[in-house]
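Next up, final_20.cif (mmCIF, C-alpha atoms and all ligand atoms):
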data_protein
loop_
_atom_site.label_atom_id
_atom_site.label_comp_id
_atom_site.auth_asym_id
_atom_site.auth_seq_id
_atom_site.Cartn_x
_atom_site.Cartn_y
_atom_site.Cartn_z
CA MET X 1 -75.84 11.10 38.14
CA ASP X 2 -74.84 12.39 34.73
CA LEU X 3 -74.11 15.53 32.78
CA SER X 4 -75.57 15.68 29.31
CA LEU X 5 -72.89 13.77 27.45
CA THR X 6 -72.43 13.76 23.68
CA SER X 7 -73.11 10.53 21.83
CA GLU X 8 -69.33 10.09 21.31
CA GLN X 9 -68.68 10.43 25.05
CA GLU X 10 -71.53 8.03 25.89
CA SER X 11 -70.36 5.49 23.36
CA PHE X 12 -66.70 5.50 24.48
CA ARG X 13 -67.80 5.07 28.08
CA ALA X 14 -70.12 2.19 27.15
CA LEU X 15 -67.37 0.58 25.08
CA ALA X 16 -64.86 0.94 27.93
CA ARG X 17 -67.30 -0.48 30.51
CA GLU X 18 -68.29 -3.44 28.37
CA PHE X 19 -64.65 -4.24 27.55
CA LEU X 20 -63.42 -3.94 31.14
CA ASP X 21 -66.33 -5.95 32.58
CA ARG X 22 -65.40 -8.74 30.15
CA GLU X 23 -61.61 -8.54 30.03
CA ALA X 24 -60.51 -7.12 33.40
CA VAL X 25 -63.08 -7.59 36.17
CA PRO X 26 -63.08 -11.43 36.01
CA HIS X 27 -59.25 -11.50 36.27
CA ARG X 28 -58.42 -8.69 38.67
CA THR X 29 -58.23 -10.82 41.83
CA ARG X 30 -55.84 -13.26 40.14
CA TRP X 31 -53.73 -10.41 38.76
CA ASP X 32 -53.59 -8.90 42.22
CA ARG X 33 -52.50 -12.20 43.78
CA GLU X 34 -49.93 -12.82 41.03
CA GLU X 35 -48.69 -9.20 41.20
CA SER X 36 -49.06 -8.68 37.47
CA VAL X 37 -51.86 -8.12 34.98
CA ASP X 38 -51.69 -10.27 31.83
CA LEU X 39 -49.81 -7.94 29.51
CA GLU X 40 -52.00 -8.90 26.52
CA ILE X 41 -54.67 -6.65 27.99
CA VAL X 42 -52.41 -3.66 27.39
CA GLY X 43 -52.40 -4.44 23.65
CA LYS X 44 -56.17 -4.90 23.65
CA MET X 45 -56.66 -1.59 25.45
CA GLY X 46 -54.38 0.00 22.86
CA GLU X 47 -56.56 -1.33 20.05
CA LEU X 48 -59.66 0.16 21.68
CA GLY X 49 -57.98 3.56 21.96
CA PHE X 50 -57.46 3.95 25.74
CA PHE X 51 -53.87 5.10 25.18
CA GLY X 52 -54.79 7.49 22.36
CA LEU X 53 -57.45 9.56 24.11
CA THR X 54 -56.74 13.31 23.76
CA ILE X 55 -53.70 12.56 21.54
CA PRO X 56 -54.43 14.17 18.13
CA THR X 57 -55.27 11.88 15.24
CA GLU X 58 -52.21 13.15 13.29
CA TYR X 59 -50.08 11.32 15.91
CA GLY X 60 -52.19 8.18 15.82
CA GLY X 61 -54.50 9.07 18.72
CA LEU X 62 -58.28 9.26 18.90
CA GLY X 63 -58.23 12.99 19.60
CA GLY X 64 -61.21 13.65 21.75
CA ASP X 65 -61.88 15.86 24.72
CA TYR X 66 -60.72 15.65 28.30
CA LEU X 67 -64.17 14.74 29.60
CA THR X 68 -64.05 11.53 27.55
CA TYR X 69 -60.62 10.84 29.04
CA THR X 70 -61.95 11.23 32.60
CA LEU X 71 -64.89 8.94 31.80
CA ALA X 72 -62.42 6.30 30.63
CA MET X 73 -60.28 6.77 33.76
CA GLU X 74 -63.40 6.34 35.92
CA GLU X 75 -64.22 3.06 34.18
CA LEU X 76 -60.63 1.88 34.61
CA GLY X 77 -60.66 2.82 38.30
CA ARG X 78 -63.88 0.91 38.84
CA ALA X 79 -62.53 -2.16 37.04
CA ASP X 80 -58.89 -2.23 38.25
CA SER X 81 -56.80 0.75 39.35
CA ALA X 82 -53.64 -1.12 38.33
CA LEU X 83 -54.76 -0.80 34.70
CA ARG X 84 -55.75 2.83 35.19
CA GLY X 85 -52.21 3.54 36.34
CA VAL X 86 -50.66 1.94 33.26
CA VAL X 87 -52.75 4.12 30.93
CA SER X 88 -52.60 7.27 33.02
CA VAL X 89 -48.83 7.28 33.26
CA SER X 90 -48.07 6.29 29.66
CA ASN X 91 -50.69 8.36 27.87
CA GLY X 92 -51.19 11.00 30.53
CA LEU X 93 -47.85 11.83 32.12
CA VAL X 94 -45.52 10.85 29.28
CA GLY X 95 -47.66 11.29 26.14
CA LYS X 96 -49.07 14.64 27.24
CA SER X 97 -45.60 15.95 28.22
CA ILE X 98 -44.34 15.10 24.71
CA LEU X 99 -47.44 16.60 23.14
CA GLY X 100 -47.13 19.79 25.17
CA PHE X 101 -43.37 20.33 25.04
CA GLY X 102 -41.89 18.08 22.33
CA THR X 103 -40.43 18.98 18.97
CA GLU X 104 -42.21 17.72 15.85
CA GLU X 105 -39.55 14.95 15.58
CA GLN X 106 -40.09 13.85 19.20
CA LYS X 107 -43.87 13.76 18.67
CA GLN X 108 -43.49 11.73 15.46
CA ARG X 109 -41.04 9.37 17.11
CA TRP X 110 -42.92 8.57 20.30
CA LEU X 111 -46.60 9.50 20.13
CA PRO X 112 -47.94 7.00 17.57
CA GLY X 113 -46.57 4.07 19.62
CA ILE X 114 -47.80 5.50 22.91
CA ALA X 115 -51.23 6.22 21.41
CA ALA X 116 -51.46 2.64 20.11
CA GLY X 117 -50.31 1.11 23.42
CA THR X 118 -47.45 -0.62 21.61
CA LEU X 119 -44.95 1.60 23.46
CA LEU X 120 -45.25 2.33 27.17
CA GLY X 121 -43.82 5.31 28.97
CA CYS X 122 -42.84 5.90 32.58
CA PHE X 123 -42.40 9.17 34.46
CA GLY X 124 -39.11 9.43 36.35
CA LEU X 125 -39.51 12.29 38.78
CA THR X 126 -39.50 10.84 42.32
CA GLU X 127 -36.17 9.87 43.89
CA PRO X 128 -35.22 8.13 47.13
CA ASP X 129 -34.64 11.52 48.82
CA THR X 130 -37.06 13.75 46.93
CA GLY X 131 -40.76 12.91 46.85
CA SER X 132 -42.88 15.97 47.68
CA ASP X 133 -39.84 18.24 47.31
CA ALA X 134 -39.48 17.44 43.62
CA GLY X 135 -37.72 20.73 42.83
CA ASN X 136 -34.67 19.54 44.76
CA LEU X 137 -34.09 16.29 42.89
CA THR X 138 -30.47 15.18 42.63
CA SER X 139 -30.14 13.05 39.47
CA ARG X 140 -27.75 14.87 37.18
CA ALA X 141 -27.24 15.25 33.43
CA ARG X 142 -24.01 16.70 32.04
CA ARG X 143 -23.12 17.61 28.51
CA ASP X 144 -20.49 15.58 26.70
CA GLY X 145 -20.02 17.00 23.22
CA THR X 146 -23.54 17.17 21.85
CA ASP X 147 -24.72 14.25 24.04
CA TRP X 148 -26.12 14.27 27.54
CA VAL X 149 -24.89 11.79 30.15
CA ILE X 150 -27.38 11.05 32.93
CA GLU X 151 -26.59 9.66 36.36
CA GLY X 152 -29.07 9.04 39.17
CA GLN X 153 -31.78 6.96 40.79
CA LYS X 154 -35.59 7.10 40.65
CA LEU X 155 -38.08 5.45 42.98
CA PHE X 156 -41.73 4.24 42.86
CA ILE X 157 -41.91 4.52 39.08
CA THR X 158 -45.15 3.17 37.61
CA ASN X 159 -44.54 1.08 34.44
CA GLY X 160 -40.81 1.18 35.30
CA THR X 161 -39.97 -2.35 34.15
CA TRP X 162 -42.45 -2.36 31.25
CA ALA X 163 -41.68 1.02 29.73
CA ASP X 164 -39.95 1.60 26.40
CA VAL X 165 -39.25 5.23 27.15
CA ALA X 166 -38.63 6.96 30.45
CA LEU X 167 -39.24 10.65 30.92
CA VAL X 168 -36.36 11.38 33.27
CA PHE X 169 -35.98 14.61 35.21
CA ALA X 170 -32.36 15.47 36.02
CA ARG X 171 -30.41 18.47 37.18
CA THR X 172 -28.50 20.31 34.45
CA GLY X 173 -28.02 23.55 36.34
CA GLY X 174 -27.94 25.02 39.83
CA PRO X 175 -30.08 24.08 42.83
CA GLY X 176 -33.88 24.27 42.94
CA PRO X 177 -36.61 23.94 40.29
CA LYS X 178 -34.89 26.10 37.66
CA GLY X 179 -31.91 23.72 37.43
CA VAL X 180 -34.02 20.75 36.30
CA SER X 181 -34.35 19.49 32.71
CA ALA X 182 -36.40 16.67 31.18
CA PHE X 183 -35.09 13.88 28.94
CA LEU X 184 -36.73 11.18 26.84
CA VAL X 185 -34.58 8.14 27.58
CA PRO X 186 -35.07 4.83 25.71
CA THR X 187 -35.09 2.18 28.42
CA ASP X 188 -32.79 -0.07 26.38
CA SER X 189 -30.01 2.53 26.66
CA PRO X 190 -26.78 1.08 28.09
CA GLY X 191 -26.55 1.92 31.81
CA PHE X 192 -30.34 2.05 32.30
CA GLU X 193 -31.69 -0.55 34.73
CA ALA X 194 -35.19 -1.02 36.19
CA ARG X 195 -35.84 -3.24 39.21
CA GLU X 196 -39.40 -4.12 40.14
CA ILE X 197 -40.63 -3.30 43.65
CA LYS X 198 -42.65 -6.24 44.98
CA GLY X 199 -44.88 -6.52 48.02
CA LYS X 200 -46.91 -3.34 47.55
CA LEU X 201 -50.11 -2.88 49.58
CA GLY X 202 -52.16 -2.17 46.46
CA LEU X 203 -51.86 -1.66 42.70
CA ARG X 204 -50.24 -5.04 42.77
CA GLY X 205 -51.04 -5.82 39.12
CA GLN X 206 -48.92 -2.97 37.79
CA ALA X 207 -45.14 -2.81 37.61
CA THR X 208 -43.66 -0.28 40.00
CA ALA X 209 -39.91 0.05 39.85
CA GLU X 210 -36.73 1.61 41.01
CA LEU X 211 -34.65 3.04 38.14
CA PHE X 212 -30.87 3.18 38.13
CA LEU X 213 -29.17 5.38 35.55
CA SER X 214 -25.45 4.87 35.38
CA GLU X 215 -23.71 7.08 32.80
CA VAL X 216 -26.71 6.80 30.45
CA ARG X 217 -25.78 8.59 27.23
CA VAL X 218 -28.52 10.18 25.12
CA PRO X 219 -28.24 12.49 22.09
CA ALA X 220 -29.03 16.20 22.23
CA ASP X 221 -32.50 15.62 20.80
CA ALA X 222 -33.49 13.60 23.90
CA LEU X 223 -33.92 16.88 25.78
CA LEU X 224 -37.65 17.63 26.12
CA GLY X 225 -38.43 21.33 26.07
CA GLU X 226 -35.74 23.83 26.96
CA GLU X 227 -32.82 23.27 29.28
CA GLY X 228 -34.02 24.26 32.79
CA GLN X 229 -37.69 23.81 31.87
CA GLY X 230 -38.00 20.33 33.40
CA PHE X 231 -39.72 21.29 36.63
CA LYS X 232 -42.32 23.33 34.77
CA ILE X 233 -42.94 20.36 32.45
CA ALA X 234 -43.36 18.07 35.46
CA MET X 235 -45.76 20.42 37.24
CA THR X 236 -47.82 21.18 34.13
CA THR X 237 -48.15 17.49 33.42
CA LEU X 238 -48.94 16.58 37.02
CA ASP X 239 -51.84 19.03 37.03
CA LYS X 240 -53.52 16.83 34.43
CA GLY X 241 -52.22 13.68 36.11
CA ARG X 242 -53.99 14.70 39.30
CA VAL X 243 -57.29 14.96 37.42
CA SER X 244 -56.65 11.50 36.05
CA VAL X 245 -55.97 10.08 39.53
CA ALA X 246 -59.09 11.80 40.82
CA ALA X 247 -61.17 10.30 37.98
CA GLY X 248 -59.80 6.85 38.80
CA CYS X 249 -60.83 7.43 42.42
CA VAL X 250 -64.37 8.25 41.28
CA GLY X 251 -64.31 4.82 39.68
CA ILE X 252 -63.23 3.24 42.96
CA VAL X 253 -66.06 4.99 44.82
CA ALA X 254 -68.55 3.98 42.10
CA GLY X 255 -67.32 0.39 42.32
CA CYS X 256 -67.68 0.43 46.11
CA LEU X 257 -71.25 1.66 45.73
CA GLN X 258 -72.10 -1.03 43.22
CA ILE X 259 -70.70 -3.95 45.24
CA SER X 260 -72.10 -2.63 48.53
CA VAL X 261 -75.63 -2.24 47.15
CA ASP X 262 -75.50 -5.67 45.48
CA TYR X 263 -74.23 -7.33 48.65
CA ALA X 264 -76.61 -5.52 51.02
CA ARG X 265 -79.62 -6.48 48.91
CA GLN X 266 -78.79 -10.18 48.84
CA ARG X 267 -77.27 -10.68 52.32
CA THR X 268 -79.90 -11.45 54.95
CA GLN X 269 -79.55 -11.13 58.73
CA PHE X 270 -82.26 -11.08 61.37
CA GLY X 271 -84.64 -12.40 58.72
CA ARG X 272 -84.29 -9.65 56.11
CA PRO X 273 -81.82 -8.11 53.64
CA ILE X 274 -79.27 -5.96 55.45
CA ALA X 275 -80.03 -3.23 52.87
CA GLY X 276 -83.18 -2.58 54.92
CA PHE X 277 -81.23 -1.62 58.05
CA GLN X 278 -80.82 2.09 58.66
CA LEU X 279 -77.16 1.85 59.70
CA VAL X 280 -76.30 0.00 56.46
CA GLN X 281 -78.19 2.61 54.44
CA ASP X 282 -76.21 5.28 56.29
CA MET X 283 -72.96 3.84 54.91
CA ILE X 284 -74.40 3.38 51.42
CA ALA X 285 -75.67 6.97 51.43
CA ASP X 286 -72.18 8.20 52.38
CA ILE X 287 -70.60 6.25 49.49
CA SER X 288 -73.23 7.55 47.07
CA LEU X 289 -72.66 11.15 48.17
CA ASP X 290 -68.87 10.74 47.87
CA ALA X 291 -69.31 9.40 44.32
CA ASP X 292 -71.41 12.37 43.20
CA ALA X 293 -69.24 15.02 44.88
CA ALA X 294 -65.96 13.56 43.60
CA ARG X 295 -67.35 13.14 40.08
CA LEU X 296 -68.56 16.74 39.94
CA LEU X 297 -65.12 18.01 41.03
CA VAL X 298 -63.49 15.90 38.30
CA TRP X 299 -65.96 17.01 35.63
CA ARG X 300 -65.34 20.64 36.56
CA CYS X 301 -61.63 20.07 35.84
CA ALA X 302 -62.39 18.35 32.54
CA ASP X 303 -64.64 21.22 31.53
CA LEU X 304 -61.96 23.81 32.43
CA ILE X 305 -59.32 21.88 30.47
CA ASP X 306 -61.60 21.48 27.45
CA ARG X 307 -62.27 25.25 27.49
CA GLY X 308 -58.57 26.07 27.88
CA GLU X 309 -59.09 27.71 31.29
CA PRO X 310 -56.66 27.46 34.26
CA PHE X 311 -57.42 24.33 36.27
CA SER X 312 -54.45 23.75 38.59
CA VAL X 313 -56.20 24.51 41.87
CA ALA X 314 -59.38 22.74 40.74
CA ALA X 315 -57.18 19.69 40.02
CA SER X 316 -55.70 19.80 43.53
CA LYS X 317 -59.21 19.99 45.02
CA ALA X 318 -60.48 17.12 42.87
CA LYS X 319 -57.45 14.96 43.65
CA LEU X 320 -57.60 15.71 47.38
CA PHE X 321 -61.32 15.09 47.73
CA ALA X 322 -61.60 12.10 45.40
CA SER X 323 -58.61 10.23 46.85
CA GLU X 324 -59.76 10.70 50.45
CA ALA X 325 -63.30 9.77 49.34
CA ALA X 326 -62.00 6.57 47.74
CA VAL X 327 -60.39 5.48 51.01
CA ARG X 328 -63.56 6.37 52.93
CA ALA X 329 -65.82 4.59 50.45
CA ALA X 330 -63.69 1.45 50.41
CA ASN X 331 -63.69 1.36 54.20
CA ASN X 332 -67.48 1.72 54.17
CA ALA X 333 -67.75 -1.02 51.53
CA ILE X 334 -65.77 -3.40 53.76
CA GLN X 335 -68.03 -2.54 56.71
CA VAL X 336 -71.16 -3.25 54.63
CA HIS X 337 -69.66 -6.62 53.63
CA GLY X 338 -68.77 -7.56 57.22
CA GLY X 339 -66.34 -10.50 57.36
CA SER X 340 -66.68 -11.04 53.60
CA GLY X 341 -65.19 -7.60 53.09
CA TYR X 342 -61.96 -8.85 54.60
CA VAL X 343 -61.24 -11.50 51.95
CA ASP X 344 -60.29 -10.85 48.35
CA GLU X 345 -63.19 -12.74 46.70
CA TYR X 346 -65.58 -9.81 47.11
CA GLY X 347 -63.43 -6.93 45.87
CA ALA X 348 -63.98 -4.51 48.74
CA GLU X 349 -60.57 -5.00 50.32
CA LYS X 350 -58.81 -4.56 46.96
CA TYR X 351 -60.57 -1.24 46.51
CA LEU X 352 -59.21 -0.15 49.90
CA ARG X 353 -55.65 -1.32 49.18
CA ASP X 354 -55.67 0.35 45.74
CA ALA X 355 -57.28 3.53 47.07
CA ARG X 356 -54.67 3.97 49.76
CA VAL X 357 -51.89 5.09 47.40
CA MET X 358 -54.12 7.68 45.76
CA THR X 359 -53.65 10.03 48.74
CA LEU X 360 -49.88 9.65 48.31
CA TYR X 361 -48.78 9.68 44.69
CA GLU X 362 -48.93 12.54 42.18
CA GLY X 363 -48.84 14.86 45.21
CA THR X 364 -49.91 13.83 48.71
CA SER X 365 -53.13 15.12 50.28
CA GLN X 366 -50.98 17.46 52.35
CA ILE X 367 -49.31 18.92 49.22
CA GLN X 368 -52.74 19.44 47.61
CA LYS X 369 -53.92 21.28 50.75
CA LEU X 370 -50.86 23.53 50.67
CA LEU X 371 -51.42 24.29 46.98
CA ILE X 372 -55.06 25.18 47.72
CA GLY X 373 -53.98 27.16 50.79
CA ARG X 374 -51.39 29.06 48.73
CA ALA X 375 -53.99 29.90 46.10
CA GLU X 376 -56.43 31.16 48.73
CA THR X 377 -53.97 33.18 50.84
CA GLY X 378 -51.37 34.19 48.29
CA ILE X 379 -48.69 32.91 50.72
CA SER X 380 -46.54 29.85 49.96
CA ALA X 381 -45.93 27.38 52.77
CA PHE X 382 -43.10 25.80 50.73
CA VAL X 383 -40.55 28.59 51.23
N1 LIG N 1 -47.81 24.60 36.19
C1 LIG N 1 -46.82 25.28 35.56
N2 LIG N 1 -45.74 25.77 36.20
C2 LIG N 1 -45.67 25.56 37.52
C3 LIG N 1 -46.65 24.85 38.25
C4 LIG N 1 -47.76 24.37 37.52
N3 LIG N 1 -48.74 23.70 38.14
N4 LIG N 1 -46.29 24.79 39.54
C5 LIG N 1 -45.13 25.45 39.65
N5 LIG N 1 -44.74 25.90 38.43
C6 LIG N 1 -43.56 26.67 38.10
C7 LIG N 1 -43.66 28.01 38.82
O1 LIG N 1 -44.36 28.97 38.04
C8 LIG N 1 -42.21 28.38 39.03
O2 LIG N 1 -41.67 28.92 37.86
P1 LIG N 1 -41.23 30.48 37.82
O3 LIG N 1 -40.21 30.61 38.90
O4 LIG N 1 -40.72 30.65 36.44
O5 LIG N 1 -42.48 31.24 38.12
C9 LIG N 1 -41.53 27.03 39.23
O6 LIG N 1 -42.39 26.05 38.64
C10 LIG N 1 -41.34 26.73 40.69
O7 LIG N 1 -42.62 26.76 41.29
P2 LIG N 1 -42.86 26.69 42.85
O8 LIG N 1 -42.11 27.78 43.52
O9 LIG N 1 -44.32 26.56 43.06
O10 LIG N 1 -42.14 25.36 43.22
P3 LIG N 1 -42.10 24.72 44.55
O11 LIG N 1 -40.75 24.15 44.71
O12 LIG N 1 -42.63 25.64 45.59
O13 LIG N 1 -43.17 23.53 44.33
C11 LIG N 1 -44.48 21.75 45.18
C12 LIG N 1 -43.46 22.85 45.41
C13 LIG N 1 -45.79 22.34 44.76
C14 LIG N 1 -44.59 21.07 46.50
C15 LIG N 1 -44.03 20.77 44.06
O14 LIG N 1 -42.69 20.39 44.30
C16 LIG N 1 -44.93 19.57 44.03
O15 LIG N 1 -46.00 19.58 43.41
N6 LIG N 1 -44.50 18.47 44.68
C17 LIG N 1 -45.19 17.21 44.60
C18 LIG N 1 -44.49 16.37 43.59
C19 LIG N 1 -45.38 15.27 43.08
O16 LIG N 1 -46.57 15.46 42.87
N7 LIG N 1 -44.77 14.14 42.84
C20 LIG N 1 -45.48 13.06 42.26
C21 LIG N 1 -44.50 12.14 41.65
S1 LIG N 1 -44.99 11.56 40.10
C22 LIG N 1 -45.83 10.14 40.38
O17 LIG N 1 -46.35 9.88 41.43
C23 LIG N 1 -45.87 9.34 39.11
C24 LIG N 1 -46.33 7.94 39.12
O18 LIG N 1 -45.60 7.03 38.71
C25 LIG N 1 -47.73 7.66 39.41
#

Kindly transcribe the structure held in the file into structure tokens.
Ligand code: CAA
Amino acid sequence: MDLSLTSEQESFRALAREFLDREAVPHRTRWDREESVDLEIVGKMGELGFFGLTIPTEYGGLGGDYLTYTLAMEELGRADSALRGVVSVSNGLVGKSILGFGTEEQKQRWLPGIAAGTLLGCFGLTEPDTGSDAGNLTSRARRDGTDWVIEGQKLFITNGTWADVALVFARTGGPGPKGVSAFLVPTDSPGFEAREIKGKLGLRGQATAELFLSEVRVPADALLGEEGQGFKIAMTTLDKGRVSVAAGCVGIVAGCLQISVDYARQRTQFGRPIAGFQLVQDMIADISLDADAARLLVWRCADLIDRGEPFSVAASKAKLFASEAAVRAANNAIQVHGGSGYVDEYGAEKYLRDARVMTLYEGTSQIQKLLIGRAETGISAFV
């Protein structure tokens, strides 16, 4: 299933697919077992432009539209969601926050490195006691002369131990969303420590960390946007992040379809390929339908973004449907594979383990439903 893509969109997708089939797919099981991708692939992805998509050329990016970005995220999700997360967080959550809210100096300082993949960013919003309720985060930043001094803890931070810059959300004012500000914190600042979280169910190839900020001092120009604008920056950025997660999930569903069809055609039982059995076709049809429906929801978001239209609720719908579809599709893929689906040689179980977090991070399925419900009814369930 395809929209009519431009030749640039087609060629970036083909380039991404060819590169990932060669450089990522053959290694993903080992990376998953070793709990780390080989970091050289980050540099190679930087050279190809994965980290520069939608970042303007004046800041070292490829420019390009959001649809191209979602096509790249789909290819990354199909190949290895751990890699999709590295790109999505650095380019998407951090790069796009700087692009949208940064001063010219902040853009010049950080974007060329992020766009090239030579600098990685992480997004420090979630804390041990505030996940869904992000507006009530408790990390604090106080003024000291012209500096800011930040104190607090962050949890489940993608790229946490690899990042060069952390976008840290901390309270500079009173309670609630309006008291939150955003800071660009170099991770080599004294008092900044990142500890890797091991033993995750999925996304095992990417570094997920806990961040500890103890009296971390940053200059006044580390403030991103206005004082008190942090929550708005986080929410604006997460809208796009949710589209990115959804696109990665389309890749998971597409990957599940591909491996299930390949396996069902070559695996024989009762004297014929299992692809010929109606109950196997039932599962394959469900995966195929999930792939098309999720992809169309994602492409609608990309189209809205590219036309400058509001897309927040469309992003919640895409993220909700695609993440749940990814879990469903991966479960179906395991069922098609039978016992082989239960071991990591065939890829189906990795898709399930990676898919499982997609219904949790960047806003749980329940949060997406409440955002959709609020948009439909005009009544907020959060107050
Ligand atoms: N765009 C722009 N502004 C927005 C916005 C959006 N999408 N959503 C809210 N705002 C603004 C509002 O306009 C409001 O500002 P005003 O008062 O000036 O109008 C302000 O923010 C507060 O808005 P709400 O009243 O909607 O805030 P809330 O407290 O009710 O929000 C919530 C509740 C929707 C549940 C929100 O807290 C939320 O989305 N929570 C989920 C957090 C999340 O997704 N965390 C993911 C962590 S990041 C991660 O996973 C990264 C990783 O490493 C992969």

Report task. Please work out which residues fall within 7 Å of (-32.2, 10.3, 32.6), coordinates as given in the file, with only C-alpha atoms counting, and return them as a count of residues only. Result -> 9

Query raised in the report: In Å, with one decimal, what is the gap from atom CA of X:Thr268 to atom CA of X:Arg78?
Result: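 Between atom CA of X:Thr268 and atom CA of X:Arg78 the gap works out to 25.9 Å.
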
Report task. Let me have all residues with an atom within 6 Å of ligand LIG 1 (chain N), counting all atoms listed in the file, laid out as a list in words. Result ->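 If we count all atoms listed in the file, the neighbours of ligand LIG 1 (chain N) turn out to be Phe123, Leu125, Thr126, Gly131, Ser132, Asp133, Ala134, Gly135, Ile157, Thr158, Pro177, Phe231, Lys232, Met235, Thr236, Asp239, Ser312, Tyr361, Glu362, Gly363, Ile367 and Phe382 of chain X.
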
Report task. Counting all atoms listed in the file, figure out which residue out of X:Ala222, X:Leu67, X:Leu257, X:Ala381 gets nearest to X:Val149. Result ->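 The answer is X:Ala222, which sits nearest to X:Val149.
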
Query raised in the report: Hey, what's within 12 Å of X:Ala291 if we count all atoms listed in the file and toss same-chain stuff fewer than 5 positions away? As a VMD selection string, please?
Result: chain X and resid 1 to 2 74 78 246 to 258 284 to 286 296 to 298 318 321 to 330

Query - Counting all atoms listed in the file, the residue of X:Cys122, X:Val261, X:Val180, X:Leu352 that sits nearest X:Asp282 - result: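 Among X:Cys122, X:Val261, X:Val180, X:Leu352, it is X:Val261 that comes nearest to X:Asp282.
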
Requested in this report: Find the distance between atom CA of X:Ile114 and atom CA of X:Leu20 and write it in Å to one decimal.
Outcome: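 One can read the atom CA of X:Ile114 to atom CA of X:Leu20 distance as 20.0 Å.
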
Query raised in the report: In Å to one decimal, how far is atom CA of X:Leu360 from atom CA of X:Glu34?
Result: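 Between these atoms lies a distance of 23.6 Å.
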
**Report entry** Surrounding residues of X:Phe101 excluding itself and chain neighbours under 2 positions, 9 Å, all atoms listed in the file, as an NGL selection string
**Finding:** :X and (96-99 or 103 or 224-226 or 233)

Requested in this report: Quick one: everything within 9 Å of X:Val357, counting only C-alpha atoms, minus sequence neighbours fewer than 5 positions away in the same chain. Send it as a ChimeraX atom specification.
Outcome: /X:201-203,323

Query raised in the report: Which one of X:Gly117, X:Gly160, X:Gly95, X:Pro175 sits closest to X:Ser139 if you count only C-alpha atoms?
Result: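 Closest candidate: X:Pro175.
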
Which stretch 236-302 of chain X residues have any atom within 12 Å of an atom of stretch 337-341 of chain X, and for each, what is the nearest pair of atoms with distance in Å to one decimal, counting only C-alpha atoms, rows sorted by chain and number, as CSV?
residue,atom,partner,partner_atom,distance
X:Cys256,CA,X:His337,CA,10.5
X:Leu257,CA,X:His337,CA,11.6
X:Ile259,CA,X:His337,CA,8.9
X:Ser260,CA,X:His337,CA,6.9
X:Val261,CA,X:His337,CA,9.8
X:Asp262,CA,X:His337,CA,10.1
X:Tyr263,CA,X:His337,CA,6.8
X:Ala264,CA,X:His337,CA,7.5
X:Arg265,CA,X:His337,CA,11.0
X:Gln266,CA,X:His337,CA,10.9
X:Arg267,CA,X:His337,CA,8.7
X:Thr268,CA,X:His337,CA,11.4
X:Gln269,CA,X:Gly338,CA,11.5
X:Ile274,CA,X:His337,CA,9.8
X:Ala275,CA,X:His337,CA,10.9
X:Val280,CA,X:His337,CA,9.8
X:Met283,CA,X:His337,CA,11.0
X:Ile284,CA,X:His337,CA,11.3

Query raised in the report: Pick from X:Ile334, X:Val89, X:Ala293, X:Leu184: nearest to X:Gly102, with only C-alpha atoms counted?
Result: X:Leu184
